[in-house]
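Participant: Got a structure for you, questions after.
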Amino acid sequence: MINRIKSFLSDTKARQDGRFEGGGAEQIRLAAAALLVEAAWCDQDFDETERRHIVDLVSGRFGLTREEAKTLVAAAEEEVHAATQILPFTRAIKDRFSQVERIEMIEMLWQVVYADGVLHDHEAALMRQIGGLVYVSDRERGAARKRALAHLDRPAG
């Protein structure tokens, strides 16, 4: 898996816009991890606790070893820094994830934005934007938020 991720990243053709469209499992994992990283960076404070949380989330969601998940998150950070918009990431999720998987993705994103215990205005706006782009309704997004808070053992509100 690590070699496949590294190979994908070193492929210069894969660095062009649209690289996530119709992509394989590695591209979809990278798009999902990039959205998680984007959510962590949204408040301009991406710390090691949030990074570990994202590694745990992608490891569990995609069945990766801890080392594979760390490599994926590092690659996702590079993608986020190079990206000018989140549309390629959200389009990949919308096109390749089922409705249930998209809701699970929103729940993972809520866990990331609440990892520091505070929901910032920019994070809330990003969650509304991503929810719309991946076709997850306000109701489903709200339920995912409550599940994420329960998972993190934090009260809703």
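In the structure tokens, chains take letters A, B, ... by order of appearance, with residues numbered from 1 within each chain and ligands from 1 in the order shown.
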Please identify all polymer residues within 8 Å of stretch 137-153 of chain A, counting only C-alpha atoms, omitting same-chain residues fewer than 2 positions from it, and present them as a PyMOL selection string.
Facilitator: chain A and resi 103-104+106-108+110-111+114-115+128+131-132+135+155-156
Participant: As a CSV table (one decimal) with C-alpha atoms, in the first residue's frame, please: the residues near A:Glu50 (cut-off 10 Å, only C-alpha atoms, same-chain neighbours under 4 positions excluded).
Facilitator:
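The result, stored in part02.csv:
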chain,number,residue,atom,x,y,z
A,36,LEU,CA,-10.0,15.6,6.6
A,37,VAL,CA,-6.7,17.6,6.4
A,39,ALA,CA,-11.0,20.5,7.9
A,40,ALA,CA,-8.1,20.4,10.4
A,41,TRP,CA,-6.4,23.4,8.7
A,45,ASP,CA,-4.2,25.4,13.8
A,46,PHE,CA,-3.4,21.9,12.6
A,54,ILE,CA,-6.9,11.8,11.1
A,55,VAL,CA,-4.4,9.0,11.0
A,56,ASP,CA,-6.6,6.9,13.2
A,111,GLN,CA,-14.7,14.4,14.5
A,112,VAL,CA,-11.8,16.4,13.0
A,113,VAL,CA,-13.3,19.8,13.4
A,114,TYR,CA,-14.3,19.0,17.0
A,115,ALA,CA,-11.0,17.3,17.9
A,116,ASP,CA,-9.8,20.5,19.6
Participant: Using only C-alpha atoms, can you tell me which of A:Val136, A:Ser98, A:Ser59, A:Ala34 comes closest to A:Glu78?
Facilitator: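 So, comparing all the options, the nearest one is A:Ala34.
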Participant: Compare A:Arg51, A:Arg29, A:Lys70, A:His120 by their minimum atom-to-atom distance to A:Met105, counting only C-alpha atoms, and give me the closest one.
Facilitator: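 Smallest separation from A:Met105 among the options: A:Arg29.
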